[in-house]
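Text of the file model20.cif, holding mmCIF, C-alpha atoms:
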```
data_my_file
loop_
_atom_site.label_atom_id
_atom_site.label_comp_id
_atom_site.auth_asym_id
_atom_site.auth_seq_id
_atom_site.Cartn_x
_atom_site.Cartn_y
_atom_site.Cartn_z
CA MET A 473 -17.96 131.41 43.93
CA SER A 474 -16.93 127.74 43.62
CA ASN A 475 -16.32 125.44 46.57
CA ILE A 476 -12.61 125.41 45.98
CA GLU A 477 -12.50 129.20 45.93
CA ASP A 478 -14.43 129.12 49.19
CA VAL A 479 -11.71 126.92 50.67
CA LEU A 480 -9.01 129.27 49.42
CA MET A 481 -10.79 132.33 50.73
CA LYS A 482 -11.26 130.61 54.08
CA GLU A 483 -7.53 129.91 54.27
CA VAL A 484 -6.74 133.47 53.27
CA LYS A 485 -9.26 134.71 55.85
CA GLU A 486 -7.57 132.64 58.53
CA MET A 487 -4.21 134.05 57.55
CA THR A 488 -5.52 137.60 57.59
CA GLU A 489 -7.10 137.01 61.00
CA GLN A 490 -3.65 135.98 62.20
CA GLY A 491 -2.41 139.32 60.97
CA PHE A 492 -0.90 138.26 57.61
CA ARG A 493 -1.57 140.60 54.72
CA PRO A 494 -0.99 139.84 51.03
CA SER A 495 2.21 141.44 49.79
CA LYS A 496 2.17 143.65 46.70
CA GLN A 497 3.67 140.68 44.85
CA ALA A 498 0.78 138.46 45.95
CA VAL A 499 -1.83 141.03 44.93
CA ASP A 500 -0.21 141.59 41.54
CA PHE A 501 0.18 137.85 41.07
CA VAL A 502 -3.51 137.15 41.72
CA LYS A 503 -4.59 140.08 39.56
CA ALA A 504 -2.40 138.83 36.72
CA ILE A 505 -3.63 135.25 36.50
CA GLY A 506 -6.97 135.36 38.28
CA PRO A 507 -8.31 133.61 41.40
CA GLU A 508 -9.45 130.50 39.50
CA ARG A 509 -5.96 129.75 38.29
CA ILE A 510 -4.51 130.52 41.73
CA VAL A 511 -6.87 127.94 43.20
CA ASN A 512 -5.97 125.36 40.56
CA GLY A 513 -2.30 126.22 40.97
CA LEU A 514 -2.53 125.56 44.71
CA THR A 515 -4.44 122.32 44.10
CA HIS A 516 -1.78 121.01 41.72
CA ASP A 517 1.13 122.33 43.79
CA PHE A 518 2.12 124.78 41.04
CA VAL A 519 2.06 127.71 43.46
CA SER A 520 2.29 127.97 47.22
CA ILE A 521 1.84 130.64 49.83
CA LYS A 522 4.92 131.78 51.65
CA GLN A 523 4.38 133.65 54.90
CA HIS A 524 6.78 136.25 56.26
CA ASN A 525 6.97 137.62 59.78
CA ILE A 526 9.67 140.26 59.94
CA ASN A 527 9.72 142.03 63.29
CA GLY A 528 5.98 141.50 63.63
CA ASN A 529 5.29 142.72 60.09
CA LYS A 530 3.29 139.79 58.74
CA SER A 531 2.75 139.27 55.01
CA PHE A 532 2.48 136.49 52.47
CA ASP A 533 3.65 135.97 48.88
CA VAL A 534 2.31 133.61 46.23
CA ILE A 535 5.25 131.81 44.64
CA PRO A 536 5.76 129.13 41.99
CA THR A 537 6.83 125.75 43.34
CA GLU A 538 9.61 123.32 42.47
CA THR A 539 6.87 121.08 41.02
CA LEU A 540 5.91 123.74 38.47
CA LYS A 541 9.54 124.56 37.70
CA ASN A 542 10.46 120.91 37.14
CA LYS A 543 7.34 120.24 35.06
CA VAL A 544 7.95 123.21 32.76
CA MET A 545 11.70 122.81 32.43
CA ASP A 546 11.56 119.04 31.86
CA ASN A 547 8.77 119.25 29.30
CA LEU A 548 10.43 122.15 27.54
CA ALA A 549 13.75 120.31 27.39
CA ASP A 550 12.06 117.16 26.04
CA LYS A 551 10.10 119.01 23.39
CA LEU A 552 13.11 121.03 22.27
CA GLU A 553 15.23 117.86 22.15
CA SER A 554 12.64 116.16 19.94
CA ARG A 555 12.94 119.06 17.47
CA GLY A 556 16.74 119.05 17.59
CA TYR A 557 17.37 121.93 20.00
CA ARG A 558 18.61 122.45 23.53
CA LEU A 559 18.52 125.35 25.98
CA THR A 560 21.80 127.21 26.20
CA ALA A 561 23.23 127.84 29.68
CA SER A 562 22.21 131.49 29.49
CA GLY A 563 18.81 130.53 28.07
CA LYS A 564 18.15 128.15 30.95
CA GLU A 565 19.18 130.83 33.42
CA HIS A 566 16.90 133.29 31.63
CA ILE A 567 13.85 131.05 31.98
CA LEU A 568 14.66 130.02 35.55
CA ASP A 569 14.73 133.72 36.38
CA TYR A 570 10.97 133.81 35.70
CA PHE A 571 10.51 131.34 38.57
CA SER A 572 12.88 133.05 40.99
CA ASN A 573 11.34 136.46 40.33
CA PRO A 574 7.62 135.63 40.47
CA THR A 575 5.98 138.84 39.33
CA GLY A 576 2.56 138.65 37.74
CA PHE A 577 4.15 139.22 34.34
CA ASN A 578 6.69 136.43 34.84
CA ILE A 579 4.12 133.87 35.95
CA LYS A 580 1.96 134.75 32.95
CA THR A 581 5.03 134.17 30.78
CA ILE A 582 5.54 130.76 32.40
CA ILE A 583 1.91 129.83 31.79
CA GLY A 584 2.18 131.11 28.22
CA LEU A 585 5.19 128.87 27.73
CA GLN A 586 3.23 125.94 29.17
CA THR A 587 0.58 126.34 26.47
CA LEU A 588 3.22 125.14 23.99
CA LEU A 589 4.14 122.04 25.99
CA PRO A 590 2.49 118.60 26.37
CA ASN A 591 -0.74 118.82 28.39
CA GLY A 592 -0.61 122.60 28.00
CA THR A 593 -2.38 124.54 30.73
CA LYS A 594 -5.08 121.96 31.35
CA ASP A 595 -4.36 121.83 35.07
CA TRP A 596 -4.36 125.62 35.40
CA ASP A 597 -7.67 125.93 33.58
CA GLU A 598 -9.83 123.28 35.21
CA GLN A 599 -13.43 124.22 35.60
CA HIS A 600 -15.01 123.86 39.04
CA GLY A 601 -18.69 123.69 39.76
CA MET B 1009 17.40 121.10 -11.89
CA ALA B 1010 18.09 124.82 -12.04
CA GLN B 1011 20.44 126.23 -14.59
CA ARG B 1012 23.89 126.90 -13.22
CA ILE B 1013 24.94 130.50 -13.14
CA GLY B 1014 27.77 131.30 -15.44
CA MET B 1015 28.67 131.50 -19.07
CA ASN B 1016 25.56 132.96 -20.66
CA SER B 1017 22.92 130.47 -19.60
CA MET B 1018 20.88 132.86 -17.50
CA ASP B 1019 20.54 135.51 -20.14
CA LYS B 1020 17.55 133.80 -21.68
CA GLU B 1021 15.51 134.85 -18.65
CA ASN B 1022 15.61 138.43 -19.82
CA ASN B 1023 16.70 138.11 -23.38
CA PRO B 1024 15.79 135.28 -25.72
CA GLU B 1025 18.85 135.76 -27.91
CA LYS B 1026 21.81 133.45 -27.34
CA VAL B 1027 24.53 135.67 -25.99
CA LYS B 1028 28.03 134.91 -27.14
CA HIS B 1029 29.75 136.48 -24.15
CA ASP B 1030 30.70 134.88 -20.85
CA PHE B 1031 30.16 137.67 -18.34
CA THR B 1032 32.74 136.16 -15.98
CA ALA B 1033 35.47 136.48 -18.62
CA GLY B 1034 37.99 139.29 -18.84
CA ASP B 1035 37.85 141.70 -15.92
CA PRO B 1036 34.32 141.38 -14.52
CA GLU B 1037 32.86 143.29 -11.59
CA TRP B 1038 32.90 141.39 -8.28
CA ALA B 1039 29.10 141.10 -8.41
CA PHE B 1040 29.29 138.70 -11.36
CA SER B 1041 32.85 137.42 -11.14
CA ARG B 1042 33.72 133.73 -11.29
CA GLU B 1043 34.18 133.57 -7.48
CA THR B 1044 30.76 135.12 -6.88
CA VAL B 1045 29.15 132.80 -9.42
CA ASP B 1046 30.76 129.78 -7.74
CA GLN B 1047 29.48 130.88 -4.34
CA LEU B 1048 25.93 131.36 -5.66
CA ASN B 1049 26.07 128.01 -7.43
CA SER B 1050 27.07 126.38 -4.15
CA ILE B 1051 24.06 127.95 -2.43
CA MET B 1052 21.81 126.88 -5.29
CA ASN B 1053 23.02 123.30 -4.86
CA GLN B 1054 22.14 123.42 -1.16
CA LEU B 1055 18.68 124.79 -1.94
CA GLU B 1056 18.05 122.11 -4.53
CA LYS B 1057 18.97 119.43 -2.00
CA LEU B 1058 16.16 120.84 0.11
CA GLU B 1059 13.91 120.41 -2.94
CA PHE B 1060 13.49 124.12 -3.54
CA HIS B 1061 12.63 125.47 -6.96
CA VAL B 1062 15.62 127.65 -7.78
CA ASP B 1063 15.51 130.46 -10.32
CA PRO B 1064 18.77 132.26 -11.18
CA ILE B 1065 18.73 135.39 -13.34
CA VAL B 1066 21.04 138.15 -14.50
CA ILE B 1067 19.90 141.62 -13.49
CA PHE B 1068 20.42 144.04 -16.36
CA ASN B 1069 20.70 147.76 -16.12
CA LYS B 1070 17.21 149.09 -16.83
CA ASN B 1071 18.21 151.56 -19.52
CA GLN B 1072 20.25 148.88 -21.31
CA LYS B 1073 17.35 146.48 -21.76
CA GLY B 1074 16.43 145.74 -25.33
CA ILE B 1075 19.92 146.30 -26.67
CA ALA B 1076 21.16 143.46 -28.89
CA LYS B 1077 23.82 141.99 -26.59
CA ASN B 1078 25.75 140.30 -29.38
CA SER B 1079 26.43 143.66 -30.98
CA LEU B 1080 28.39 144.67 -27.87
CA THR B 1081 31.97 143.96 -26.92
CA LEU B 1082 32.52 141.87 -23.78
CA GLU B 1083 33.24 145.01 -21.75
CA GLU B 1084 30.15 146.79 -23.09
CA TYR B 1085 28.08 143.68 -22.34
CA GLN B 1086 29.41 143.56 -18.79
CA ASP B 1087 28.47 147.22 -18.38
CA THR B 1088 24.83 146.30 -18.99
CA ILE B 1089 24.80 143.94 -15.99
CA ASP B 1090 23.85 145.22 -12.55
CA GLY B 1091 24.24 141.92 -10.73
CA LEU B 1092 23.01 138.39 -10.24
CA SER B 1093 19.93 137.13 -8.48
CA VAL B 1094 18.89 133.78 -7.11
CA MET B 1095 15.28 133.31 -6.05
CA ALA B 1096 14.21 130.03 -4.47
CA VAL B 1097 10.90 128.80 -3.10
CA SER B 1098 10.05 125.57 -1.33
CA HIS B 1099 8.05 123.16 -3.46
CA LYS B 1100 5.60 122.08 -0.82
CA PRO B 1101 3.43 124.74 0.85
CA ASN B 1102 1.86 123.61 4.13
CA LYS B 1103 -1.88 123.28 4.61
CA ASN B 1104 -2.15 127.02 5.23
CA GLY B 1105 -0.43 127.76 1.92
CA ASP B 1106 2.78 128.98 3.56
CA TYR B 1107 6.14 128.28 1.95
CA TYR B 1108 9.75 129.34 2.36
CA LYS B 1109 11.24 131.94 0.05
CA VAL B 1110 14.87 132.98 -0.34
CA VAL B 1111 16.30 135.79 -2.46
CA ILE B 1112 20.00 136.51 -2.83
CA GLU B 1113 21.18 139.36 -5.05
CA THR B 1114 24.54 140.88 -5.83
CA ASP B 1115 24.82 144.53 -6.89
CA ALA B 1116 27.70 145.79 -9.03
CA ASN B 1117 26.83 149.39 -8.21
CA ASP B 1118 27.92 149.16 -4.58
CA ASP B 1119 29.65 145.74 -4.53
CA SER B 1120 27.10 144.31 -2.13
CA ILE B 1121 25.16 141.12 -1.62
CA VAL B 1122 21.77 140.96 0.06
CA LEU B 1123 20.14 137.95 1.66
CA LEU B 1124 16.40 137.83 2.24
CA ALA B 1125 14.76 134.73 3.69
CA GLY B 1126 11.40 134.03 5.22
CA VAL B 1127 7.93 132.83 4.52
CA ALA B 1128 5.50 133.73 1.78
CA SER B 1129 1.93 132.59 1.55
CA GLN B 1130 -0.48 131.53 -1.15
CA LYS B 1131 -3.44 132.45 1.04
CA ARG B 1132 -2.46 135.32 3.29
CA PRO B 1133 -1.84 138.84 1.95
CA ILE B 1134 1.79 139.76 2.47
CA ASP B 1135 0.85 142.70 4.68
CA GLU B 1136 -0.65 140.30 7.21
CA LEU B 1137 2.71 138.61 7.68
CA TRP B 1138 4.94 140.19 10.28
CA ASN B 1139 7.72 142.12 8.53
CA LYS B 1140 6.17 140.97 5.24
CA GLY B 1141 7.22 137.41 6.05
CA LEU B 1142 10.91 138.23 6.23
CA PHE B 1143 12.83 136.57 9.03
CA TYR B 1144 16.20 137.59 7.62
CA ASN B 1145 16.98 140.72 5.59
CA LYS B 1146 20.63 141.71 5.59
CA LYS B 1147 22.94 143.44 3.13
CA PHE B 1148 26.71 142.89 3.17
CA SER B 1149 29.60 144.53 1.35
CA LYS B 1150 31.97 142.34 -0.63
CA ASP B 1151 34.41 142.69 2.28
CA GLU B 1152 31.89 141.00 4.58
CA LEU B 1153 31.49 137.70 2.75
CA GLY B 1154 32.41 135.81 5.93
CA LYS B 1155 29.43 137.39 7.68
CA PHE B 1156 27.24 136.65 4.68
CA SER B 1157 28.28 132.98 4.74
CA THR B 1158 27.63 132.77 8.48
CA LEU B 1159 24.13 134.17 8.02
CA TRP B 1160 23.45 131.88 5.07
CA ASP B 1161 24.51 128.86 7.17
CA ARG B 1162 22.14 130.05 9.86
CA VAL B 1163 19.25 130.42 7.43
CA ASN B 1164 20.00 127.06 5.86
CA THR B 1165 20.32 125.29 9.21
CA ASN B 1166 17.82 127.05 11.43
CA LEU B 1167 15.06 128.11 9.08
CA LEU B 1168 14.81 126.17 5.86
CA LYS B 1169 15.25 122.69 7.36
CA ILE B 1170 12.38 123.06 9.80
CA ASP B 1171 9.47 121.08 8.44
CA SER B 1172 6.83 123.13 10.22
CA ILE B 1173 6.61 126.46 8.44
CA GLY B 1174 5.42 129.17 10.78
CA PRO B 1175 4.98 132.73 9.61
CA ILE B 1176 4.50 135.28 12.33
CA VAL B 1177 1.04 136.75 11.96
CA LEU B 1178 -1.14 139.10 13.92
CA PRO B 1179 -2.29 137.68 17.26
CA ARG B 1180 -5.12 135.20 16.96
CA LYS B 1181 -6.91 136.38 20.06
CA PRO B 1182 -6.92 140.16 20.29
CA HIS B 1183 -6.42 141.97 23.54
CA LYS B 1184 -9.80 143.26 24.65
CA GLN B 1185 -8.56 146.84 24.32
CA HIS B 1186 -7.88 146.26 20.63
CA THR B 1187 -10.62 146.00 18.05
CA ASP B 1188 -8.74 145.96 14.77
CA TYR B 1189 -7.37 142.42 14.71
CA GLN B 1190 -8.68 139.75 12.40
CA GLU B 1191 -9.44 136.53 14.20
CA ASP B 1192 -9.55 133.83 11.57
CA TYR B 1193 -5.89 132.95 11.32
CA ALA B 1194 -5.17 129.27 11.47
CA ASP B 1195 -2.64 128.62 14.19
CA THR B 1196 -1.56 125.55 16.04
CA VAL B 1197 0.53 124.77 19.09
CA GLU B 1198 3.24 123.42 16.79
CA ASP B 1199 3.20 126.62 14.69
CA ARG B 1200 3.55 128.70 17.82
CA PHE B 1201 6.29 126.45 19.16
CA THR B 1202 8.16 126.91 15.88
CA LYS B 1203 7.89 130.67 16.30
CA PHE B 1204 9.14 130.30 19.86
CA ILE B 1205 12.13 128.35 18.52
CA ASP B 1206 12.88 131.06 15.94
CA ALA B 1207 12.74 133.80 18.57
CA ALA B 1208 14.72 131.75 21.09
CA LEU B 1209 17.43 131.04 18.51
CA ASP B 1210 17.72 134.74 17.74
CA ASP B 1211 17.98 135.55 21.45
CA GLY B 1212 20.52 132.79 22.17
CA VAL B 1213 18.11 131.01 24.51
CA ILE B 1214 18.40 127.73 22.63
CA LYS B 1215 20.86 126.14 20.25
CA ARG B 1216 20.57 123.49 17.58
CA ILE B 1217 21.95 120.07 18.45
CA ARG B 1218 22.72 116.97 16.49
CA ILE B 1219 19.93 114.41 16.89
CA GLN B 1220 21.63 111.19 17.90
CA LYS B 1221 20.64 108.12 15.94
CA LYS B 1222 19.89 105.07 18.04
CA PHE B 1223 22.75 102.58 17.99
CA ASP B 1224 21.74 99.40 16.21
CA GLU B 1225 23.30 96.52 18.13
CA ASP B 1226 22.67 94.09 15.29
CA SER B 1227 24.61 96.10 12.73
CA ASP B 1228 28.24 95.39 11.99
#
```

Can I see the file as structure tokens?
Amino acid sequence: MSNIEDVLMKEVKEMTEQGFRPSKQAVDFVKAIGPERIVNGLTHDFVSIKQHNINGNKSFDVIPTETLKNKVMDNLADKLESRGYRLTASGKEHILDYFSNPTGFNIKTIIGLQTLLPNGTKDWDEQHG
Amino acid sequence: MAQRIGMNSMDKENNPEKVKHDFTAGDPEWAFSRETVDQLNSIMNQLEKLEFHVDPIVIFNKNQKGIAKNSLTLEEYQDTIDGLSVMAVSHKPNKNGDYYKVVIETDANDDSIVLLAGVASQKRPIDELWNKGLFYNKKFSKDELGKFSTLWDRVNTNLLKIDSIGPIVLPRKPHKQHTDYQEDYADTVEDRFTKFIDAALDDGVIKRIRIQKKFDEDSD
């Protein structure tokens, strides 16, 4: 396990010791894209952990950030514009829905879309020693 | 420059004899009437502006082939014609050998016109191209010419004018549960982005816009 994964696991351990448990969404999310990308996503502020405490029921989700949303949407808009296209209103809403409904499938779709954009998924796929 | 459809110029494709008849004369079927010929000629002009090689032919009834056309009356000659066909291919295949192909055919038997457009390849077997390379394959009745024109505009605007030709092929990296994919397909980010654009256009996710030219302050 890499150092950065150690740090993540330590943070997760601290959360779990405080009684927070990963939600089904968080488990599915991590299963879908893998712990290495979760770590890199946290490092680059592409994903964040959102804790919930509802009547003592403590859980946490892994969610995409505004940074990721802006990076993907801006780069997509620029690349489309350079080819002579633009997102329609419904198309923009359709893609934004992937961010607002962060299932494992949707985040994989976002990352798949990023592979087509400038810089691709370099930040998601960094190798750690 | 392709031969214009009309008069008897296309007959030499299937019959070397010089035919005296103009198949648009008299009371022709819609499939080869003057209006239909004019519409196909207009499309051929657009394809030639895109530097496509355009090949128009008359489609003859199979059991009428070989008959000396000049021995027939105009009406008998028209009865030997099933329709008109325009086939066009882009002159310049990309580095993978892919090129655009368009076929438009009218059919006097059911008064229809069919539009097929997509990508063919000099290097890839047609069965390796998704849907045999066809992005568009639609048949219209003569009462649906408005819909045909709309689809043709879409093909002309959204497909044929894209410089980066991108056929949809089998996935380059197979899912680990699958073992029957070939892995040696050339593919690039730009090819895949072109496919994304095609799919997104079909789904209404994106639309084509006019690319604004930069204003030249020094010009009059």

Could you please give me, as a ChimeraX atom specification, the residues of protein, DNA or RNA lying at most 12 Å from (16.9, 135.0, 18.6) in the coordinate frame of the file, considering all atoms listed in the file? /A:560,563 /B:1143-1144,1162,1166-1167,1203-1215

Hey, can you check how far CA of Lys594 (chain A) sits from CA of Thr1202 (chain B)? 21.0 Å

Using only C-alpha atoms for the distances, tell me which of A:Ser562, A:Asn578, A:Asn573, A:Gln490 is nearest to chain B.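 Of all the options, A:Ser562 lies closest to chain B.
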
Give the answer as one residue: which of B:Asn1069, B:Gln1054, B:Glu1059, B:Leu1048 has the shortest atom-to-atom distance to Ser1093 (chain B), using only C-alpha atoms? B:Leu1048

Min atom-atom distance to Ile535 (chain A) from the set A:Leu585, A:Ile510, A:Leu548, A:Leu559, counting all atoms listed in the file, belongs to A:Ile510

Give one line per residue of chain A that approaches chain B to at most 10 Å, naming the two atoms of the closest pair and their distance in Å to one decimal, counting all atoms listed in the file; sort by chain then ascending residue number and deliver it as JSON lines.
```
{"residue": "A:Ala549", "atom": "CA", "partner": "B:Ile1214", "partner_atom": "CA", "distance": 10.0}
{"residue": "A:Lys551", "atom": "CA", "partner": "B:Phe1201", "partner_atom": "CA", "distance": 9.4}
{"residue": "A:Leu552", "atom": "CA", "partner": "B:Ile1205", "partner_atom": "CA", "distance": 8.3}
{"residue": "A:Glu553", "atom": "CA", "partner": "B:Ile1219", "partner_atom": "CA", "distance": 7.9}
{"residue": "A:Ser554", "atom": "CA", "partner": "B:Ile1219", "partner_atom": "CA", "distance": 8.1}
{"residue": "A:Arg555", "atom": "CA", "partner": "B:Ile1219", "partner_atom": "CA", "distance": 8.4}
{"residue": "A:Gly556", "atom": "CA", "partner": "B:Ile1217", "partner_atom": "CA", "distance": 5.4}
{"residue": "A:Tyr557", "atom": "CA", "partner": "B:Arg1216", "partner_atom": "CA", "distance": 4.3}
{"residue": "A:Arg558", "atom": "CA", "partner": "B:Ile1214", "partner_atom": "CA", "distance": 5.4}
{"residue": "A:Leu559", "atom": "CA", "partner": "B:Ile1214", "partner_atom": "CA", "distance": 4.1}
{"residue": "A:Thr560", "atom": "CA", "partner": "B:Ile1214", "partner_atom": "CA", "distance": 5.0}
{"residue": "A:Ala561", "atom": "CA", "partner": "B:Val1213", "partner_atom": "CA", "distance": 7.9}
{"residue": "A:Ser562", "atom": "CA", "partner": "B:Val1213", "partner_atom": "CA", "distance": 6.5}
{"residue": "A:Gly563", "atom": "CA", "partner": "B:Val1213", "partner_atom": "CA", "distance": 3.7}
{"residue": "A:Lys564", "atom": "CA", "partner": "B:Val1213", "partner_atom": "CA", "distance": 7.0}
{"residue": "A:Glu565", "atom": "CA", "partner": "B:Val1213", "partner_atom": "CA", "distance": 9.0}
{"residue": "A:His566", "atom": "CA", "partner": "B:Val1213", "partner_atom": "CA", "distance": 7.6}
{"residue": "A:Ile567", "atom": "CA", "partner": "B:Val1213", "partner_atom": "CA", "distance": 8.6}
{"residue": "A:Leu585", "atom": "CA", "partner": "B:Phe1204", "partner_atom": "CA", "distance": 8.9}
{"residue": "A:Thr587", "atom": "CA", "partner": "B:Val1197", "partner_atom": "CA", "distance": 7.5}
{"residue": "A:Leu588", "atom": "CA", "partner": "B:Val1197", "partner_atom": "CA", "distance": 5.6}
{"residue": "A:Leu589", "atom": "CA", "partner": "B:Val1197", "partner_atom": "CA", "distance": 8.3}
{"residue": "A:Pro590", "atom": "CA", "partner": "B:Val1197", "partner_atom": "CA", "distance": 9.7}
{"residue": "A:Gly592", "atom": "CA", "partner": "B:Val1197", "partner_atom": "CA", "distance": 9.2}
```

Shell of 12 Å around region 1023-1038 of chain B, all atoms listed in the file, local chain residues under 6 positions omitted, as an MDAnalysis selection string: chainID B and resid 1013:1017 1044:1047 1065:1068 1072:1092 1114:1121 1149:1151 1153

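The space separating CA of Ser531 (chain A) from CA of Gly491 (chain A) comes to 7.9 Å.
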
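Distance-wise, CA of Asn1071 (chain B) and CA of Asn1049 (chain B) end up 27.6 Å apart.
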
Can you pull out every residue within 9 Å of region 500-507 of chain A, counting only C-alpha atoms, but drop anything in the same chain fewer than 6 positions away, and send it as a PDB file with C-alpha atoms, in the frame of the given file?
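Contents of the output file around_1.pdb:
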```pdb
ATOM      1  CA  GLU A 477     -12.500 129.200  45.930  1.00  0.00           C
ATOM      2  CA  ASP A 533       3.650 135.970  48.880  1.00  0.00           C
ATOM      3  CA  VAL A 534       2.310 133.610  46.230  1.00  0.00           C
ATOM      4  CA  ILE A 535       5.250 131.810  44.640  1.00  0.00           C
ATOM      5  CA  PRO A 574       7.620 135.630  40.470  1.00  0.00           C
ATOM      6  CA  THR A 575       5.980 138.840  39.330  1.00  0.00           C
ATOM      7  CA  GLY A 576       2.560 138.650  37.740  1.00  0.00           C
ATOM      8  CA  PHE A 577       4.150 139.220  34.340  1.00  0.00           C
ATOM      9  CA  ILE A 579       4.120 133.870  35.950  1.00  0.00           C
ATOM     10  CA  LYS A 580       1.960 134.750  32.950  1.00  0.00           C
TER      11      LYS A 580
END
```

List as JSON, numbers by chain the protein and nucleic acid residues near Pro494 (chain A), meaning an atom at most 9 Å away when only C-alpha atoms are counted, but skip any in the same chain fewer than 3 places from it. {"A": [484, 488, 497, 498, 499, 530, 531, 532, 533, 534]}

Hits of the PyMOL selection byres ((chain B and resi 1108) around 10) in this structure, as a count of residues only: 25

Box for region 528-534 of chain A - axis-aligned, 4 Å on each of the six sides, all listed atoms - centre and size in Å to one decimal, as AutoDock Vina command-line options.
```
--center_x 4.1 --center_y 138.2 --center_z 54.9 --size_x 11.7 --size_y 17.1 --size_z 25.4
```

Quick one: of A:Glu486, A:Asp550, A:Phe518, A:Arg493, who's nearest to Ile583 (chain A), counting all atoms listed in the file?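 Ranked by minimum distance to Ile583 (chain A), first place goes to A:Phe518.
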
Using all atoms listed in the file, which of B:Glu1113, B:Lys1131, B:Leu1123, B:Asp1063 sits nearest Phe1156 (chain B)?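 Smallest separation from Phe1156 (chain B) among the options: B:Leu1123.
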
Name the residues captured by the PyMOL selection byres ((chain A and resi 536) around 9) when it is applied to the shown file; answer as number ranges by chain. A: 513, 517-521, 534-535, 537-541, 571-572, 574, 579

The selected residues should be written to file as a short mmCIF file (atom, residue, chain, number, x, y, z; two decimals), in the frame of the given file (atoms: C-alpha atoms).
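Listing of result12.cif after writing:
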```cif
data_model
loop_
_atom_site.label_atom_id
_atom_site.label_comp_id
_atom_site.auth_asym_id
_atom_site.auth_seq_id
_atom_site.Cartn_x
_atom_site.Cartn_y
_atom_site.Cartn_z
CA GLY A 513 -2.30 126.22 40.97
CA ASP A 517 1.13 122.33 43.79
CA PHE A 518 2.12 124.78 41.04
CA VAL A 519 2.06 127.71 43.46
CA SER A 520 2.29 127.97 47.22
CA ILE A 521 1.84 130.64 49.83
CA VAL A 534 2.31 133.61 46.23
CA ILE A 535 5.25 131.81 44.64
CA THR A 537 6.83 125.75 43.34
CA GLU A 538 9.61 123.32 42.47
CA THR A 539 6.87 121.08 41.02
CA LEU A 540 5.91 123.74 38.47
CA LYS A 541 9.54 124.56 37.70
CA PHE A 571 10.51 131.34 38.57
CA SER A 572 12.88 133.05 40.99
CA PRO A 574 7.62 135.63 40.47
CA ILE A 579 4.12 133.87 35.95
#
```
